[in-house]
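A.B. asks: target06.pdb is reproduced in full below (PDB, C-alpha atoms).
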```pdb
ATOM      1  CA  MET A   8     -26.590  23.823 -19.102
ATOM      2  CA  SER A   9     -25.553  23.720 -22.737
ATOM      3  CA  ALA A  10     -25.262  20.504 -24.686
ATOM      4  CA  PRO A  11     -21.436  20.267 -24.764
ATOM      5  CA  GLU A  12     -21.261  20.878 -21.018
ATOM      6  CA  ARG A  13     -23.734  18.119 -20.436
ATOM      7  CA  GLY A  14     -21.639  15.889 -22.636
ATOM      8  CA  ASP A  15     -18.564  16.709 -20.581
ATOM      9  CA  ALA A  16     -20.396  15.944 -17.382
ATOM     10  CA  ALA A  17     -21.609  12.621 -18.745
ATOM     11  CA  GLU A  18     -18.112  11.806 -19.941
ATOM     12  CA  HIS A  19     -16.706  12.715 -16.563
ATOM     13  CA  GLN A  20     -19.251  10.479 -14.898
ATOM     14  CA  VAL A  21     -18.320   7.575 -17.150
ATOM     15  CA  ALA A  22     -14.635   8.176 -16.440
ATOM     16  CA  SER A  23     -15.115   8.266 -12.677
ATOM     17  CA  GLY A  24     -17.336   5.188 -12.929
ATOM     18  CA  ARG A  25     -14.484   3.394 -14.651
ATOM     19  CA  GLN A  26     -12.110   4.563 -11.984
ATOM     20  CA  ASP A  27     -14.436   3.227  -9.293
ATOM     21  CA  THR A  28     -14.434  -0.123 -11.069
ATOM     22  CA  LEU A  29     -10.644  -0.120 -11.219
ATOM     23  CA  GLU A  30     -10.503   0.875  -7.560
ATOM     24  CA  ARG A  31     -12.888  -1.879  -6.518
ATOM     25  CA  ARG A  32     -11.026  -4.540  -8.445
ATOM     26  CA  THR A  33      -7.669  -3.379  -7.200
ATOM     27  CA  ARG A  34      -8.972  -3.448  -3.616
ATOM     28  CA  LEU A  35      -9.757  -7.137  -4.095
ATOM     29  CA  LEU A  36      -6.141  -7.741  -5.074
ATOM     30  CA  LEU A  37      -4.959  -5.846  -2.012
ATOM     31  CA  TRP A  38      -6.296  -8.758   0.045
ATOM     32  CA  ALA A  39      -3.018 -10.432  -0.813
ATOM     33  CA  TYR A  40      -1.530  -8.157   1.860
ATOM     34  CA  PRO A  41      -2.152  -8.773   5.572
ATOM     35  CA  LEU A  42      -4.809  -6.657   7.247
ATOM     36  CA  SER A  43      -2.443  -4.468   9.258
ATOM     37  CA  TYR A  44      -0.377  -3.656   6.199
ATOM     38  CA  ARG A  45      -3.486  -2.941   4.133
ATOM     39  CA  GLY A  46      -4.718  -0.533   6.780
ATOM     40  CA  ASP A  47      -1.443   1.331   6.735
ATOM     41  CA  ARG A  48      -0.466   1.250   3.052
ATOM     42  CA  GLY A  49      -3.575   0.088   1.175
ATOM     43  CA  ASP A  50      -4.898   3.503   0.145
ATOM     44  CA  GLU A  51      -1.463   4.700  -0.807
ATOM     45  CA  ILE A  52      -0.798   1.679  -3.027
ATOM     46  CA  LEU A  53      -4.251   2.022  -4.541
ATOM     47  CA  ASP A  54      -3.723   5.709  -5.335
ATOM     48  CA  THR A  55      -0.366   5.082  -6.933
ATOM     49  CA  LEU A  56      -1.770   2.262  -9.048
ATOM     50  CA  ILE A  57      -4.778   4.279 -10.201
ATOM     51  CA  GLU A  58      -2.611   7.279 -10.946
ATOM     52  CA  SER A  59      -0.203   5.227 -13.035
ATOM     53  CA  ALA A  60      -2.953   3.359 -14.910
ATOM     54  CA  PRO A  61      -3.948   4.818 -18.278
ATOM     55  CA  THR A  62      -7.313   6.598 -18.149
ATOM     56  CA  GLY A  63     -10.286   4.408 -18.850
ATOM     57  CA  ARG A  64      -8.729   1.240 -17.527
ATOM     58  CA  LYS A  65     -11.210  -0.992 -15.745
ATOM     59  CA  TRP A  66      -8.882  -3.776 -14.691
ATOM     60  CA  PRO A  67      -5.440  -3.513 -13.169
ATOM     61  CA  SER A  68      -2.906  -4.684 -15.755
ATOM     62  CA  PRO A  69      -1.720  -8.309 -15.486
ATOM     63  CA  LYS A  70       1.713  -7.015 -14.516
ATOM     64  CA  ASP A  71       0.278  -4.827 -11.733
ATOM     65  CA  SER A  72      -1.977  -7.624 -10.494
ATOM     66  CA  TRP A  73       0.882 -10.079 -10.349
ATOM     67  CA  ALA A  74       3.104  -7.562  -8.561
ATOM     68  CA  LEU A  75       0.414  -6.941  -5.936
ATOM     69  CA  ILE A  76      -0.084 -10.650  -5.283
ATOM     70  CA  ILE A  77       3.640 -11.306  -5.040
ATOM     71  CA  GLY A  78       4.127  -8.181  -2.935
ATOM     72  CA  GLY A  79       1.356  -9.265  -0.570
ATOM     73  CA  LEU A  80       2.794 -12.740  -0.192
ATOM     74  CA  ARG A  81       6.213 -11.280   0.528
ATOM     75  CA  VAL A  82       4.815  -9.152   3.330
ATOM     76  CA  ARG A  83       3.010 -12.190   4.718
ATOM     77  CA  THR A  84       6.141 -14.302   4.511
ATOM     78  CA  ALA A  85       8.105 -11.678   6.390
ATOM     79  CA  GLN A  86       5.366 -11.471   8.997
ATOM     80  CA  ASN A  87       5.143 -15.242   9.382
ATOM     81  CA  ARG A  88       8.878 -15.512   9.754
ATOM     82  CA  ARG A  89       8.662 -13.265  12.788
ATOM     83  CA  LEU A  90       6.018 -15.557  14.304
ATOM     84  CA  GLY A  91       8.298 -18.547  14.797
ATOM     85  CA  ALA A  92       7.993 -22.162  13.668
ATOM     86  CA  THR A  93       5.383 -23.416  16.153
ATOM     87  CA  ALA A  94       2.896 -20.686  15.382
ATOM     88  CA  ASN A  95       3.443 -21.234  11.671
ATOM     89  CA  TRP A  96       2.751 -24.958  11.922
ATOM     90  CA  ARG A  97      -0.375 -24.228  13.859
ATOM     91  CA  LEU A  98      -1.476 -21.684  11.300
ATOM     92  CA  ALA A  99      -0.808 -24.068   8.414
ATOM     93  CA  LEU A 100      -2.691 -26.875  10.116
ATOM     94  CA  LEU A 101      -5.636 -24.647  10.900
ATOM     95  CA  PHE A 102      -5.708 -23.500   7.327
ATOM     96  CA  ALA A 103      -5.605 -27.060   5.995
ATOM     97  CA  LEU A 104      -8.411 -28.103   8.337
ATOM     98  CA  VAL A 105     -10.614 -25.230   7.267
ATOM     99  CA  LEU A 106      -9.949 -26.142   3.654
ATOM    100  CA  TYR A 107     -10.914 -29.755   4.378
ATOM    101  CA  ILE A 108     -13.940 -29.119   6.531
ATOM    102  CA  GLY A 109     -15.445 -26.314   4.442
ATOM    103  CA  PRO A 110     -16.209 -28.439   1.360
ATOM    104  CA  GLN A 111     -17.216 -31.270   3.701
ATOM    105  CA  ALA A 112     -19.875 -29.008   5.169
ATOM    106  CA  MET A 113     -21.182 -28.118   1.750
ATOM    107  CA  LEU A 114     -21.294 -31.786   0.792
ATOM    108  CA  ASP A 115     -23.183 -32.506   4.015
ATOM    109  CA  ALA A 116     -25.708 -29.832   3.239
ATOM    110  CA  SER A 117     -26.313 -31.090  -0.286
ATOM    111  CA  LEU A 118     -26.638 -34.738   0.883
ATOM    112  CA  THR A 119     -29.153 -33.586   3.471
ATOM    113  CA  VAL A 120     -31.261 -31.942   0.816
ATOM    114  CA  ASP A 121     -31.034 -35.078  -1.368
ATOM    115  CA  ARG A 122     -32.154 -37.262   1.488
ATOM    116  CA  GLN A 123     -35.109 -35.016   2.067
ATOM    117  CA  ASN A 124     -36.167 -35.505  -1.541
ATOM    118  CA  VAL A 125     -35.858 -39.297  -1.316
ATOM    119  CA  LEU A 126     -36.887 -40.126   2.242
ATOM    120  CA  GLY A 127     -39.029 -37.245   3.375
ATOM    121  CA  PRO A 128     -38.254 -35.062   6.406
ATOM    122  CA  ILE A 129     -34.655 -34.197   7.190
ATOM    123  CA  PRO A 130     -33.410 -35.837  10.395
ATOM    124  CA  TRP A 131     -32.714 -33.240  13.090
ATOM    125  CA  TYR A 132     -29.124 -34.321  13.594
ATOM    126  CA  ALA A 133     -28.364 -33.765   9.932
ATOM    127  CA  ILE A 134     -29.508 -30.180  10.229
ATOM    128  CA  VAL A 135     -27.545 -29.687  13.437
ATOM    129  CA  ARG A 136     -24.503 -31.218  11.840
ATOM    130  CA  ALA A 137     -24.629 -29.050   8.765
ATOM    131  CA  LEU A 138     -25.236 -25.888  10.775
ATOM    132  CA  LEU A 139     -22.496 -26.653  13.264
ATOM    133  CA  THR A 140     -20.033 -27.444  10.529
ATOM    134  CA  LEU A 141     -20.695 -24.140   8.865
ATOM    135  CA  ALA A 142     -20.606 -22.308  12.175
ATOM    136  CA  ALA A 143     -17.327 -23.942  13.106
ATOM    137  CA  VAL A 144     -15.739 -23.022   9.800
ATOM    138  CA  VAL A 145     -16.871 -19.430  10.171
ATOM    139  CA  LEU A 146     -15.804 -19.241  13.819
ATOM    140  CA  VAL A 147     -12.401 -20.663  13.140
ATOM    141  CA  TRP A 148     -11.922 -18.493  10.117
ATOM    142  CA  LEU A 149     -12.876 -15.305  11.899
ATOM    143  CA  PRO A 150     -10.795 -14.170  14.832
ATOM    144  CA  VAL A 151     -13.193 -15.224  17.611
ATOM    145  CA  PRO A 152     -12.521 -16.544  21.121
ATOM    146  CA  ARG A 153     -10.998 -19.998  20.806
ATOM    147  CA  LEU A 154     -13.681 -21.634  22.960
ATOM    148  CA  ALA A 155     -16.400 -20.865  20.451
ATOM    149  CA  ALA A 156     -14.609 -22.794  17.747
ATOM    150  CA  ALA A 157     -13.768 -25.685  20.053
ATOM    151  CA  ALA A 158     -17.361 -25.915  21.332
ATOM    152  CA  ALA A 159     -18.831 -25.985  17.860
ATOM    153  CA  PHE A 160     -16.538 -28.832  16.955
ATOM    154  CA  SER A 161     -17.154 -30.836  20.094
ATOM    155  CA  VAL A 162     -20.890 -30.902  19.381
ATOM    156  CA  TYR A 163     -20.211 -31.626  15.756
ATOM    157  CA  ALA A 164     -17.963 -34.678  16.265
ATOM    158  CA  PRO A 165     -20.381 -36.903  18.281
ATOM    159  CA  VAL A 166     -23.198 -36.061  15.870
ATOM    160  CA  TYR A 167     -21.097 -37.365  13.069
ATOM    161  CA  THR A 168     -20.439 -40.712  14.787
ATOM    162  CA  GLN A 169     -24.087 -41.667  14.497
ATOM    163  CA  HIS A 170     -23.308 -42.728  10.971
ATOM    164  CA  ARG A 171     -20.082 -44.591  10.608
ATOM    165  CA  TRP A 172     -17.393 -45.246  13.153
ATOM    166  CA  LEU A 173     -14.711 -44.314  10.636
ATOM    167  CA  ASP A 174     -16.277 -40.929  10.115
ATOM    168  CA  GLY A 175     -16.345 -40.525  13.843
ATOM    169  CA  ALA A 176     -12.701 -41.434  14.231
ATOM    170  CA  ILE A 177     -11.651 -39.013  11.513
ATOM    171  CA  GLN A 178     -13.771 -36.290  13.008
ATOM    172  CA  ALA A 179     -12.351 -36.907  16.460
ATOM    173  CA  VAL A 180      -8.810 -36.581  15.149
ATOM    174  CA  LEU A 181      -9.814 -33.402  13.349
ATOM    175  CA  LEU A 182     -11.396 -32.089  16.516
ATOM    176  CA  ILE A 183      -8.257 -32.664  18.556
ATOM    177  CA  LEU A 184      -6.083 -31.052  15.901
ATOM    178  CA  MET A 185      -8.474 -28.148  15.668
ATOM    179  CA  ALA A 186      -8.507 -27.636  19.426
ATOM    180  CA  VAL A 187      -4.716 -27.735  19.526
ATOM    181  CA  CYS A 188      -4.544 -25.201  16.715
ATOM    182  CA  ALA A 189      -7.222 -22.977  18.172
ATOM    183  CA  ARG A 190      -5.565 -22.987  21.600
ATOM    184  CA  GLY A 191      -2.751 -20.795  20.452
ATOM    185  CA  ARG A 192      -5.072 -18.520  18.600
ATOM    186  CA  ASP A 193      -4.782 -15.478  20.853
ATOM    187  CA  ARG A 194      -1.036 -15.464  20.464
ATOM    188  CA  MET A 195      -1.435 -15.289  16.702
ATOM    189  CA  PRO A 196      -1.632 -11.896  15.051
ATOM    190  CA  ARG A 197      -5.109 -11.005  13.978
ATOM    191  CA  SER A 198      -3.706  -9.401  10.913
ATOM    192  CA  TRP A 199      -2.992 -12.583   8.989
ATOM    193  CA  LEU A 200      -6.302 -12.293   7.140
TER     194      LEU A 200
ATOM    195  CA  MET B   4      31.344  -2.004   2.986
ATOM    196  CA  LYS B   5      31.061  -4.778   0.411
ATOM    197  CA  THR B   6      27.528  -5.500  -0.743
ATOM    198  CA  ALA B   7      25.987  -7.629  -3.459
ATOM    199  CA  PRO B   8      25.241  -5.818  -6.729
ATOM    200  CA  MET B   9      21.872  -4.067  -6.669
ATOM    201  CA  ARG B  10      19.072  -5.181  -8.876
ATOM    202  CA  GLU B  11      18.236  -2.703 -11.549
ATOM    203  CA  PRO B  12      14.829  -1.567 -10.215
ATOM    204  CA  THR B  13      16.408  -1.009  -6.795
ATOM    205  CA  TYR B  14      19.179   1.035  -8.336
ATOM    206  CA  PHE B  15      16.746   3.194 -10.262
ATOM    207  CA  VAL B  16      14.423   3.702  -7.283
ATOM    208  CA  LEU B  17      17.361   5.009  -5.262
ATOM    209  CA  ALA B  18      18.596   7.082  -8.190
ATOM    210  CA  SER B  19      15.152   8.643  -8.650
ATOM    211  CA  LEU B  20      15.380  10.037  -5.110
ATOM    212  CA  PHE B  21      18.811  11.550  -5.657
ATOM    213  CA  ASP B  22      17.417  15.029  -6.321
ATOM    214  CA  GLY B  23      14.983  14.965  -3.429
ATOM    215  CA  PRO B  24      12.027  13.122  -1.926
ATOM    216  CA  LEU B  25       9.217  11.872  -4.170
ATOM    217  CA  HIS B  26       5.889  10.109  -3.655
ATOM    218  CA  GLY B  27       5.022   6.706  -5.114
ATOM    219  CA  TYR B  28       3.691   7.696  -8.507
ATOM    220  CA  ALA B  29       6.445  10.281  -9.017
ATOM    221  CA  ILE B  30       9.053   7.593  -8.352
ATOM    222  CA  ILE B  31       7.512   5.321 -11.008
ATOM    223  CA  LYS B  32       7.506   8.191 -13.534
ATOM    224  CA  ARG B  33      11.031   9.308 -12.694
ATOM    225  CA  VAL B  34      12.393   5.762 -12.969
ATOM    226  CA  GLU B  35      10.738   5.396 -16.355
ATOM    227  CA  GLU B  36      12.233   8.667 -17.508
ATOM    228  CA  MET B  37      15.736   7.963 -16.196
ATOM    229  CA  SER B  38      15.841   4.497 -17.729
ATOM    230  CA  HIS B  39      14.394   5.678 -21.055
ATOM    231  CA  ASP B  40      11.240   3.568 -20.466
ATOM    232  CA  ARG B  41      13.257   0.412 -19.957
ATOM    233  CA  VAL B  42      12.404  -0.002 -16.277
ATOM    234  CA  GLN B  43       8.661   0.226 -15.773
ATOM    235  CA  LEU B  44       7.847  -0.488 -12.163
ATOM    236  CA  ALA B  45       4.566  -2.089 -11.223
ATOM    237  CA  THR B  46       3.028  -0.447  -8.162
ATOM    238  CA  GLY B  47       3.368  -3.607  -6.070
ATOM    239  CA  THR B  48       7.022  -3.944  -7.026
ATOM    240  CA  LEU B  49       7.709  -0.348  -6.041
ATOM    241  CA  TYR B  50       6.264  -0.751  -2.562
ATOM    242  CA  THR B  51       8.042  -4.063  -2.029
ATOM    243  CA  ALA B  52      11.273  -2.300  -2.962
ATOM    244  CA  LEU B  53      10.506   0.703  -0.736
ATOM    245  CA  ASP B  54       9.771  -1.574   2.226
ATOM    246  CA  ARG B  55      13.016  -3.432   1.731
ATOM    247  CA  LEU B  56      15.040  -0.249   1.237
ATOM    248  CA  ALA B  57      13.469   1.293   4.331
ATOM    249  CA  GLY B  58      14.380  -1.856   6.260
ATOM    250  CA  GLU B  59      17.977  -1.540   5.071
ATOM    251  CA  GLY B  60      17.994   2.110   6.112
ATOM    252  CA  TYR B  61      18.488   3.400   2.560
ATOM    253  CA  VAL B  62      15.155   5.164   2.245
ATOM    254  CA  GLU B  63      12.939   6.909   4.769
ATOM    255  CA  LEU B  64       9.488   8.411   4.993
ATOM    256  CA  VAL B  65      10.010  12.146   4.677
ATOM    257  CA  SER B  66       6.548  13.674   4.700
ATOM    258  CA  GLU B  67       2.929  12.767   4.723
ATOM    259  CA  GLU B  68       0.192  15.000   3.403
ATOM    260  CA  THR B  69      -3.434  14.446   2.591
ATOM    261  CA  VAL B  70      -4.493  14.822  -1.036
ATOM    262  CA  ASN B  71      -8.206  14.329  -1.793
ATOM    263  CA  GLY B  72      -8.687  12.759   1.610
ATOM    264  CA  ARG B  73      -6.021  10.172   0.952
ATOM    265  CA  PRO B  74      -2.568   9.961   2.438
ATOM    266  CA  ARG B  75       0.296  10.833   0.150
ATOM    267  CA  ARG B  76       3.693   9.911   1.461
ATOM    268  CA  SER B  77       7.024  11.083   0.173
ATOM    269  CA  TYR B  78      10.162   9.036   0.455
ATOM    270  CA  GLY B  79      13.709  10.312   0.555
ATOM    271  CA  LEU B  80      17.215   8.951   0.368
ATOM    272  CA  THR B  81      19.095   8.584   3.667
ATOM    273  CA  ASN B  82      22.842   9.209   3.907
ATOM    274  CA  GLY B  83      23.327   5.458   3.911
ATOM    275  CA  GLY B  84      21.156   5.158   0.815
ATOM    276  CA  ALA B  85      23.103   7.876  -0.980
ATOM    277  CA  SER B  86      26.433   6.204  -0.287
ATOM    278  CA  ALA B  87      25.098   2.782  -1.288
ATOM    279  CA  LEU B  88      23.903   4.300  -4.545
ATOM    280  CA  GLN B  89      27.267   5.949  -5.059
ATOM    281  CA  ALA B  90      29.078   2.676  -4.377
ATOM    282  CA  GLU B  91      26.874   0.831  -6.850
ATOM    283  CA  ALA B  92      27.397   3.497  -9.514
ATOM    284  CA  THR B  93      31.150   3.262  -9.036
ATOM    285  CA  ARG B  94      31.040  -0.523  -9.266
ATOM    286  CA  MET B  95      29.069  -0.364 -12.508
ATOM    287  CA  ALA B  96      31.315   2.347 -13.946
ATOM    288  CA  GLU B  97      34.372   0.202 -13.226
ATOM    289  CA  ALA B  98      32.740  -2.848 -14.794
ATOM    290  CA  ALA B  99      31.693  -0.805 -17.799
ATOM    291  CA  SER B 100      35.113   0.757 -18.255
ATOM    292  CA  LEU B 101      36.662  -2.720 -18.610
ATOM    293  CA  VAL B 102      34.755  -3.194 -21.833
ATOM    294  CA  ILE B 103      34.620   0.367 -23.056
ATOM    295  CA  ASP B 104      38.344   1.045 -22.576
ATOM    296  CA  HIS B 105      39.244  -2.334 -24.017
ATOM    297  CA  ALA B 106      37.051  -1.798 -27.045
ATOM    298  CA  ALA B 107      38.531   1.659 -27.558
ATOM    299  CA  ALA B 108      42.059   0.251 -27.340
ATOM    300  CA  ARG B 109      41.243  -2.570 -29.725
ATOM    301  CA  SER B 110      39.213  -0.771 -32.316
ATOM    302  CA  PRO B 111      42.184   0.953 -34.084
ATOM    303  CA  ARG B 112      43.664  -2.483 -34.616
ATOM    304  CA  ILE B 113      40.397  -3.810 -35.935
ATOM    305  CA  VAL B 114      40.158  -0.825 -38.190
ATOM    306  CA  SER B 115      43.695  -1.343 -39.502
ATOM    307  CA  LYS B 116      43.087  -5.053 -39.934
ATOM    308  CA  LEU B 117      40.082  -4.295 -42.026
ATOM    309  CA  ARG B 118      42.125  -1.891 -44.115
ATOM    310  CA  HIS B 119      44.817  -4.492 -44.831
ATOM    311  CA  ALA B 120      42.361  -7.181 -45.766
TER     312      ALA B 120
END
```
Before we go any further, please render this structure as structure tokens.

C.D. replies:
Amino acid sequence: MSAPERGDAAEHQVASGRQDTLERRTRLLLWAYPLSYRGDRGDEILDTLIESAPTGRKWPSPKDSWALIIGGLRVRTAQNRRLGATANWRLALLFALVLYIGPQAMLDASLTVDRQNVLGPIPWYAIVRALLTLAAVVLVWLPVPRLAAAAAFSVYAPVYTQHRWLDGAIQAVLLILMAVCARGRDRMPRSWL
Amino acid sequence: MKTAPMREPTYFVLASLFDGPLHGYAIIKRVEEMSHDRVQLATGTLYTALDRLAGEGYVELVSEETVNGRPRRSYGLTNGGASALQAEATRMAEAASLVIDHAAARSPRIVSKLRHA
């Protein structure tokens, strides 16, 4: 192989590396679209975007990024509209609960570690609580059988009440809401992620 | 059929398909060319528009081939799409002629006014 050819090859490699970067980053943005739509149109949208991007671009342009996010939300809106009001309320509530409980779980975990530093061994229920919280968040977030999510929460709520009755009351309300939300889960499209 | 005026990107997407079906990137290029670079569609905007136009029955999927292991789909104008485009063009031509004809009728006067001043 002569020197210029090698140079070309190296250049080509750099160029395709850049394209891979652009592809990867654009794929992240495609998450704005629901799963079913991504499966059907994702590659096509990606190809069009890469083709229309100037060579050597590593990031999708701000305009393209914005258009993908807005486009994705539009598709989701249209999809949600077909679901009906009850399912949408349930979805919104579930989403809000996950948003509330997720950080709560992280806070729990960090408090548990702090307590270990101050008081010695971690109490077993603290570990159970932290694990169950995380498990519940994951189970609810992923499309799993509704019972799994409900079970995780039902163990989690009584564990919490060992501390303060207010905590317990809040958790119980959350549990009921969660169970109500999770009940309709199988009638929800799995594509909303 | 009376419809609301089309938005410019919509108009140009339909117009780009007037000569035959095109795939996504070709539509973006053609729109750019036809509008003298004024309308530059973002990819996301194009597909939002295509989805909507397909829903309205103005555009349809014409062919699907595989290029480099990836699907490449071409979209074409339906009869409904062609007549909607035609109707919009007529509407704009009528609106434009109001000003253009008026200006043409008025300009001799303006010219003579300027001469007398």

A.B. asks: So that I can check the surroundings of B:Tyr50, please list as JSON, numbers by chain every protein, DNA and RNA residue that reaches within 10 Å of it, counting only C-alpha atoms and ignoring chain neighbours fewer than 3 positions away.

C.D. replies: {"A": [48, 51, 52, 55, 74, 75, 78], "B": [27, 44, 45, 46, 47, 53, 54, 55, 56]}

A.B. asks: Using only C-alpha atoms, which protein or nucleic acid residues come within 8 Å of A:Leu53? Drop anything in the same chain fewer than 2 positions from it, and give the result as a ChimeraX atom specification.

C.D. replies: /A:30,33-34,49-51,55-57

A.B. asks: With only C-alpha atoms as the counted atoms, please give the residues lying no more than 9 Å from A:Trp38, apart from itself and same-chain residues fewer than 4 positions off, as a PyMOL selection string.

C.D. replies: chain A and resi 34+42+45+76+79+200

A.B. asks: Could you jot down the atom CA of B:Tyr61 to atom CA of A:Pro67 separation for me, Å, one decimal place?

C.D. replies: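 Computing it gives 29.5 Å between the two atoms.
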
A.B. asks: Rounded to one decimal place, report the atom CA of B:Thr48-atom CA of A:Ile77 distance in Å.

C.D. replies: 8.3 Å

A.B. asks: Given the file above and the ChimeraX specification (/A :<12) & /B, which residues are selected, and can you give them as a ChimeraX atom specification?

C.D. replies: /B:26-33,35,43-55,58,67-77

A.B. asks: Box time for stretch 47-54 of chain B: axis-aligned, enclosing all its listed atoms, 3 Å extra on each side; report centre and edge lengths in Å to one decimal, as JSON.

C.D. replies:
```
{"center_x": 7.3, "center_y": -1.7, "center_z": -2.4, "size_x": 13.9, "size_y": 10.8, "size_z": 15.3}
```

A.B. asks: Set the distance at 9 Å and use all atoms listed in the file: which residues neighbour B:Val42 once local chain neighbours fewer than 3 positions away are removed? I'd like the list as a list in words.

C.D. replies: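 Once the adjacent positions are removed, what remains is Glu11, Pro12, Phe15, Ile31, Val34, Glu35, Glu36, Met37, Ser38 and His39 of chain B.
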
A.B. asks: Just give me the gap between atom CA of A:Pro61 and atom CA of A:Leu35 in Å, one decimal is fine.

C.D. replies: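 These atoms are spaced 19.4 Å apart.
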
A.B. asks: Residues picked by the PyMOL selection byres ((chain B and resi 88) around 9) here, as a list in words?

C.D. replies: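 In the shown coordinates, the PyMOL selection byres ((chain B and resi 88) around 9) covers Met9, Tyr14, Leu17, Ala18, Phe21, Tyr61, Gly83, Gly84, Ala85, Ser86, Ala87, Gln89, Ala90, Glu91, Ala92 and Thr93 of chain B.
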
A.B. asks: Output the residue selection produced by the PyMOL selection byres ((chain B and resi 62) around 6) on the file above, formatted as a ChimeraX atom specification.

C.D. replies: /B:56-57,60-61,63,79-81

A.B. asks: From the options B:Tyr78, B:Arg41, B:Leu64, B:Thr13, which residue's atoms come nearest to B:Leu25, counting all atoms listed in the file?

C.D. replies: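 Result for the nearest residue to B:Leu25: B:Tyr78.
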
A.B. asks: Produce stretch 83-96 of chain B of the given structure as output with N, CA and C atoms, as a PDB file, in the first residue's frame.

C.D. replies:
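Saved to part25.pdb:
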```pdb
ATOM      1  N   GLY B  83     -55.555  13.191  -4.843  1.00  0.00           N
ATOM      2  CA  GLY B  83     -56.053  14.193  -3.893  1.00  0.00           C
ATOM      3  C   GLY B  83     -54.981  15.223  -3.577  1.00  0.00           C
ATOM      4  N   GLY B  84     -53.756  14.742  -3.400  1.00  0.00           N
ATOM      5  CA  GLY B  84     -52.637  15.635  -3.093  1.00  0.00           C
ATOM      6  C   GLY B  84     -52.377  16.588  -4.243  1.00  0.00           C
ATOM      7  N   ALA B  85     -52.431  16.053  -5.467  1.00  0.00           N
ATOM      8  CA  ALA B  85     -52.181  16.884  -6.647  1.00  0.00           C
ATOM      9  C   ALA B  85     -53.237  17.969  -6.762  1.00  0.00           C
ATOM     10  N   SER B  86     -54.507  17.620  -6.495  1.00  0.00           N
ATOM     11  CA  SER B  86     -55.528  18.660  -6.648  1.00  0.00           C
ATOM     12  C   SER B  86     -55.466  19.669  -5.510  1.00  0.00           C
ATOM     13  N   ALA B  87     -55.074  19.203  -4.303  1.00  0.00           N
ATOM     14  CA  ALA B  87     -54.911  20.155  -3.201  1.00  0.00           C
ATOM     15  C   ALA B  87     -53.787  21.144  -3.509  1.00  0.00           C
ATOM     16  N   LEU B  88     -52.729  20.618  -4.088  1.00  0.00           N
ATOM     17  CA  LEU B  88     -51.592  21.469  -4.465  1.00  0.00           C
ATOM     18  C   LEU B  88     -52.014  22.493  -5.515  1.00  0.00           C
ATOM     19  N   GLN B  89     -52.759  21.988  -6.487  1.00  0.00           N
ATOM     20  CA  GLN B  89     -53.270  22.857  -7.556  1.00  0.00           C
ATOM     21  C   GLN B  89     -54.153  23.956  -6.978  1.00  0.00           C
ATOM     22  N   ALA B  90     -55.041  23.575  -6.063  1.00  0.00           N
ATOM     23  CA  ALA B  90     -55.954  24.540  -5.455  1.00  0.00           C
ATOM     24  C   ALA B  90     -55.176  25.604  -4.689  1.00  0.00           C
ATOM     25  N   GLU B  91     -54.148  25.171  -3.979  1.00  0.00           N
ATOM     26  CA  GLU B  91     -53.341  26.107  -3.199  1.00  0.00           C
ATOM     27  C   GLU B  91     -52.580  27.061  -4.131  1.00  0.00           C
ATOM     28  N   ALA B  92     -52.053  26.514  -5.217  1.00  0.00           N
ATOM     29  CA  ALA B  92     -51.319  27.347  -6.174  1.00  0.00           C
ATOM     30  C   ALA B  92     -52.237  28.399  -6.773  1.00  0.00           C
ATOM     31  N   THR B  93     -53.463  27.982  -7.096  1.00  0.00           N
ATOM     32  CA  THR B  93     -54.434  28.919  -7.657  1.00  0.00           C
ATOM     33  C   THR B  93     -54.765  30.022  -6.651  1.00  0.00           C
ATOM     34  N   ARG B  94     -54.973  29.599  -5.399  1.00  0.00           N
ATOM     35  CA  ARG B  94     -55.293  30.567  -4.350  1.00  0.00           C
ATOM     36  C   ARG B  94     -54.181  31.599  -4.209  1.00  0.00           C
ATOM     37  N   MET B  95     -52.932  31.105  -4.219  1.00  0.00           N
ATOM     38  CA  MET B  95     -51.803  32.036  -4.065  1.00  0.00           C
ATOM     39  C   MET B  95     -51.659  32.929  -5.282  1.00  0.00           C
ATOM     40  N   ALA B  96     -51.902  32.361  -6.468  1.00  0.00           N
ATOM     41  CA  ALA B  96     -51.788  33.159  -7.698  1.00  0.00           C
ATOM     42  C   ALA B  96     -52.827  34.278  -7.684  1.00  0.00           C
TER      43      ALA B  96
END
```
